[in-house]
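Asks: The structure follows.
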Amino acid sequence: MKKILIMNGPNLNLLGEREPNIYGSETLNSINDMLDEKAREMGFEPIFFQSNSEGGLIDRLHESRLDCAGVILNAGAYTHYSYAIRDAISAIRIPVVEVHLSNVNSRDDFRKNSVIAPVCRGTIAGFGSYSYVLALYALDNILGGCHD
Ligand code: DQA
């Protein structure tokens, strides 16, 4: 089974209680449980990782090049200014799909810019937890289906 990394950045551990009007009422654990089932149906073995620190995210991205076929990444606010995460994505070369729960283009101006978007395969935003499901479909498509 192809392993994929489903990775969340800062403050996403507080999903469910954090600004539910923007991010919804589902917790990260409940989203990950739903993704675990869907990913396995597609023949992926998902690995879940969350960190509030830039270095933690970068270290796990580096590791993913050795054990994963692709990455789904919600980098949280780092999306908008972390050149270090951008460089890590460029360095690893496996496909990374950028995900956001909220429609970042309809919010504060600073959220309209993603410094990681140019080095990701594509971006999915604005569909709540379904953004991650769409990213799974995207990875399935990129990696050619049937991951047994
Ligand atoms: C987010 C959008 C970011 O702007 C914000 O900093 C987050 C969550 C989203 O999923 O909508 O932490 O990545």
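Starting from 1 in every chain, residues are counted up; chains themselves are A, B, ... following the order of the structure tokens, and ligands are numbered from 1 as listed.
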Using only C-alpha atoms, which residues sit within 12 Å of Ala77 in chain A once same-chain residues fewer than 3 positions away are excluded, as a list in words?

Replies: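 Returned residues: Asn8, Gly9, Pro10, Asn11, Leu12, Asn52, Ser53, Glu54, Leu73, Asn74, His80, Tyr81, Ser82, Ile85, Val99, His100, Ser102, Val104, Asp108, Phe110, Arg111, Lys112, Asn113, Ser114, Val115 and Ile116 of chain A.
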
Asks: Could you turn the residues from that selection into a file that holds C-alpha atoms, as a PDB file, in the first residue's frame?

Replies:
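Dumped to selection-v7.pdb:
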ATOM      1  CA  ASN A   8      -1.612  19.839   9.591  1.00  0.00           C
ATOM      2  CA  GLY A   9       0.173  22.919  10.866  1.00  0.00           C
ATOM      3  CA  PRO A  10      -0.304  25.416  13.671  1.00  0.00           C
ATOM      4  CA  ASN A  11      -3.574  25.801  15.555  1.00  0.00           C
ATOM      5  CA  LEU A  12      -5.287  23.044  13.605  1.00  0.00           C
ATOM      6  CA  ASN A  52       2.504  23.826  15.795  1.00  0.00           C
ATOM      7  CA  SER A  53       6.155  24.398  14.975  1.00  0.00           C
ATOM      8  CA  GLU A  54       7.739  25.172  11.627  1.00  0.00           C
ATOM      9  CA  LEU A  73      -0.682  19.675   3.634  1.00  0.00           C
ATOM     10  CA  ASN A  74      -2.647  22.290   5.511  1.00  0.00           C
ATOM     11  CA  HIS A  80       1.325  32.816   3.966  1.00  0.00           C
ATOM     12  CA  TYR A  81       4.940  33.465   4.954  1.00  0.00           C
ATOM     13  CA  SER A  82       7.084  30.367   5.492  1.00  0.00           C
ATOM     14  CA  ILE A  85       8.350  25.209   4.364  1.00  0.00           C
ATOM     15  CA  VAL A  99      -5.371  22.283   1.449  1.00  0.00           C
ATOM     16  CA  HIS A 100      -7.402  24.819   3.408  1.00  0.00           C
ATOM     17  CA  SER A 102     -11.743  27.972   4.661  1.00  0.00           C
ATOM     18  CA  VAL A 104      -8.695  31.871   2.022  1.00  0.00           C
ATOM     19  CA  ASP A 108      -8.117  38.853   5.146  1.00  0.00           C
ATOM     20  CA  PHE A 110      -2.750  38.421   4.000  1.00  0.00           C
ATOM     21  CA  ARG A 111      -4.455  35.049   3.516  1.00  0.00           C
ATOM     22  CA  LYS A 112      -4.801  35.602  -0.237  1.00  0.00           C
ATOM     23  CA  ASN A 113      -1.103  34.984  -0.754  1.00  0.00           C
ATOM     24  CA  SER A 114       0.325  31.486  -0.425  1.00  0.00           C
ATOM     25  CA  VAL A 115       4.110  31.267  -0.618  1.00  0.00           C
ATOM     26  CA  ILE A 116       3.863  27.469  -0.856  1.00  0.00           C
TER      27      ILE A 116
END

Asks: Which parts of chain A does DSSP call strand (DSSP E or B) when run on the backbone here, written out as a PyMOL selection string?

Replies: chain A and resi 2-8+44-50+70-74+96-100+122-125

Asks: Could the residues in this selection be written to a file with N, CA and C atoms, as an mmCIF file, in the first residue's frame?

Replies:
data_model
loop_
_atom_site.group_PDB
_atom_site.id
_atom_site.type_symbol
_atom_site.label_atom_id
_atom_site.label_comp_id
_atom_site.auth_asym_id
_atom_site.auth_seq_id
_atom_site.Cartn_x
_atom_site.Cartn_y
_atom_site.Cartn_z
ATOM 1 N N LYS A 2 0.511 2.211 -0.853
ATOM 2 C CA LYS A 2 1.295 3.455 -0.862
ATOM 3 C C LYS A 2 0.955 4.291 0.364
ATOM 4 N N LYS A 3 2.002 4.732 1.044
ATOM 5 C CA LYS A 3 1.783 5.604 2.204
ATOM 6 C C LYS A 3 1.637 7.045 1.734
ATOM 7 N N ILE A 4 0.725 7.761 2.377
ATOM 8 C CA ILE A 4 0.640 9.205 2.144
ATOM 9 C C ILE A 4 0.628 9.906 3.498
ATOM 10 N N LEU A 5 1.193 11.092 3.504
ATOM 11 C CA LEU A 5 1.252 11.889 4.731
ATOM 12 C C LEU A 5 0.149 12.943 4.687
ATOM 13 N N ILE A 6 -0.672 12.966 5.737
ATOM 14 C CA ILE A 6 -1.709 13.997 5.859
ATOM 15 C C ILE A 6 -1.302 14.873 7.039
ATOM 16 N N MET A 7 -0.891 16.103 6.695
ATOM 17 C CA MET A 7 -0.171 16.913 7.660
ATOM 18 C C MET A 7 -0.873 18.237 7.920
ATOM 19 N N ASN A 8 -0.979 18.583 9.205
ATOM 20 C CA ASN A 8 -1.612 19.839 9.591
ATOM 21 C C ASN A 8 -0.666 20.679 10.430
ATOM 22 N N PHE A 44 -4.730 3.633 -0.067
ATOM 23 C CA PHE A 44 -3.594 4.318 0.559
ATOM 24 C C PHE A 44 -3.467 3.911 2.016
ATOM 25 N N GLU A 45 -2.254 3.987 2.525
ATOM 26 C CA GLU A 45 -2.043 3.893 3.976
ATOM 27 C C GLU A 45 -1.710 5.303 4.473
ATOM 28 N N PRO A 46 -2.659 5.963 5.147
ATOM 29 C CA PRO A 46 -2.403 7.337 5.558
ATOM 30 C C PRO A 46 -1.597 7.422 6.860
ATOM 31 N N ILE A 47 -0.723 8.412 6.913
ATOM 32 C CA ILE A 47 0.014 8.712 8.146
ATOM 33 C C ILE A 47 -0.395 10.133 8.530
ATOM 34 N N PHE A 48 -0.779 10.315 9.780
ATOM 35 C CA PHE A 48 -1.264 11.622 10.209
ATOM 36 C C PHE A 48 -0.222 12.303 11.084
ATOM 37 N N PHE A 49 -0.055 13.617 10.858
ATOM 38 C CA PHE A 49 0.925 14.372 11.641
ATOM 39 C C PHE A 49 0.441 15.803 11.806
ATOM 40 N N GLN A 50 0.537 16.311 13.031
ATOM 41 C CA GLN A 50 0.221 17.727 13.270
ATOM 42 C C GLN A 50 1.326 18.324 14.121
ATOM 43 N N GLY A 70 3.156 10.725 -1.430
ATOM 44 C CA GLY A 70 2.606 12.069 -1.601
ATOM 45 C C GLY A 70 2.188 12.642 -0.266
ATOM 46 N N VAL A 71 1.868 13.933 -0.283
ATOM 47 C CA VAL A 71 1.536 14.648 0.961
ATOM 48 C C VAL A 71 0.308 15.519 0.730
ATOM 49 N N ILE A 72 -0.579 15.530 1.731
ATOM 50 C CA ILE A 72 -1.669 16.514 1.795
ATOM 51 C C ILE A 72 -1.303 17.450 2.936
ATOM 52 N N LEU A 73 -1.205 18.738 2.647
ATOM 53 C CA LEU A 73 -0.682 19.675 3.634
ATOM 54 C C LEU A 73 -1.594 20.877 3.848
ATOM 55 N N ASN A 74 -2.053 21.022 5.095
ATOM 56 C CA ASN A 74 -2.647 22.290 5.511
ATOM 57 C C ASN A 74 -1.621 22.945 6.420
ATOM 58 N N VAL A 96 2.898 17.363 -3.405
ATOM 59 C CA VAL A 96 2.263 17.931 -2.215
ATOM 60 C C VAL A 96 1.016 18.696 -2.664
ATOM 61 N N VAL A 97 -0.125 18.356 -2.073
ATOM 62 C CA VAL A 97 -1.373 19.059 -2.380
ATOM 63 C C VAL A 97 -1.683 19.994 -1.211
ATOM 64 N N GLU A 98 -1.804 21.277 -1.514
ATOM 65 C CA GLU A 98 -2.105 22.290 -0.492
ATOM 66 C C GLU A 98 -3.609 22.320 -0.222
ATOM 67 N N VAL A 99 -3.958 22.332 1.055
ATOM 68 C CA VAL A 99 -5.371 22.283 1.449
ATOM 69 C C VAL A 99 -5.675 23.368 2.479
ATOM 70 N N HIS A 100 -6.873 23.933 2.361
ATOM 71 C CA HIS A 100 -7.402 24.819 3.408
ATOM 72 C C HIS A 100 -8.866 24.510 3.623
ATOM 73 N N GLY A 122 -1.100 21.521 -6.508
ATOM 74 C CA GLY A 122 -2.339 22.266 -6.654
ATOM 75 C C GLY A 122 -2.865 22.630 -5.285
ATOM 76 N N THR A 123 -3.919 23.446 -5.296
ATOM 77 C CA THR A 123 -4.480 23.950 -4.045
ATOM 78 C C THR A 123 -5.984 23.706 -4.015
ATOM 79 N N ILE A 124 -6.487 23.241 -2.863
ATOM 80 C CA ILE A 124 -7.931 23.054 -2.675
ATOM 81 C C ILE A 124 -8.313 23.813 -1.404
ATOM 82 N N ALA A 125 -9.274 24.719 -1.523
ATOM 83 C CA ALA A 125 -9.640 25.555 -0.375
ATOM 84 C C ALA A 125 -11.124 25.850 -0.375
#

Asks: Expressed in Å to a single decimal, how great is the separation between CA of Arg65 in chain A and CA of Asp140 in chain A?

Replies: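 Separating CA of Arg65 in chain A from CA of Asp140 in chain A is a distance of 17.3 Å.
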
Asks: Which is closer to ligand 1 than all the others in A:Pro95, A:Gly126, A:Gly145, A:Pro20, using only C-alpha atoms and all ligand atoms?

Replies: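 Counting only C-alpha atoms and all ligand atoms, the residue closest to ligand 1 is A:Gly126.
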
Asks: Here is a test: counting only C-alpha atoms and all ligand atoms, which residue of A:Leu139, A:Ala88, A:Leu14, A:Leu66 is nearest to ligand 1?

Replies: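 Once distances to ligand 1 are computed over only C-alpha atoms and all ligand atoms, the minimum belongs to A:Leu14.
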
Asks: Pick from A:Cys68, A:Met1, A:Val119, A:Ile22: nearest to Arg40 in chain A, with only C-alpha atoms counted?

Replies: A:Met1

Asks: Could you write out, as a PyMOL selection string, all the residues of range 9-138 of chain A that DSSP marks as alpha helix (DSSP H)?

Replies: chain A and resi 20-23+28-41+54-67+83-92+130-138

Asks: Which residue is closest to ligand 1? Choose from A:Arg93, A:Arg121, A:His62, A:Arg18 and count only C-alpha atoms and all ligand atoms.

Replies: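 The closest residue to ligand 1 is A:Arg18.
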
Asks: Hey, can you check how far CA of Asn105 in chain A sits from CA of Ala135 in chain A?

Replies: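 Atom-to-atom, CA of Asn105 in chain A and CA of Ala135 in chain A are spaced 18.0 Å apart.
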
Asks: Could you check which of A:Met42, A:Ala117, A:Gly144, A:Ile89 is closest to Glu63 in chain A, using only C-alpha atoms?

Replies: A:Ile89

Asks: Please compute the CA of Arg86 in chain A-CA of Arg60 in chain A distance, one decimal, in Å.

Replies: 13.5 Å

Asks: Please provide the set of residues having any atom within 10 Å of Met34 in chain A, restricted to only C-alpha atoms, with same-chain residues fewer than 5 positions apart removed, written as a list in words.

Replies: Leu28, Asn29, Ala39, Ser129, Tyr130, Tyr132 and Val133 of chain A

Asks: Looking at only C-alpha atoms and all ligand atoms, which of A:Gly56, A:Gly128, A:Pro118, A:Gly76 is the one that sits closest to ligand 1?

Replies: A:Gly76
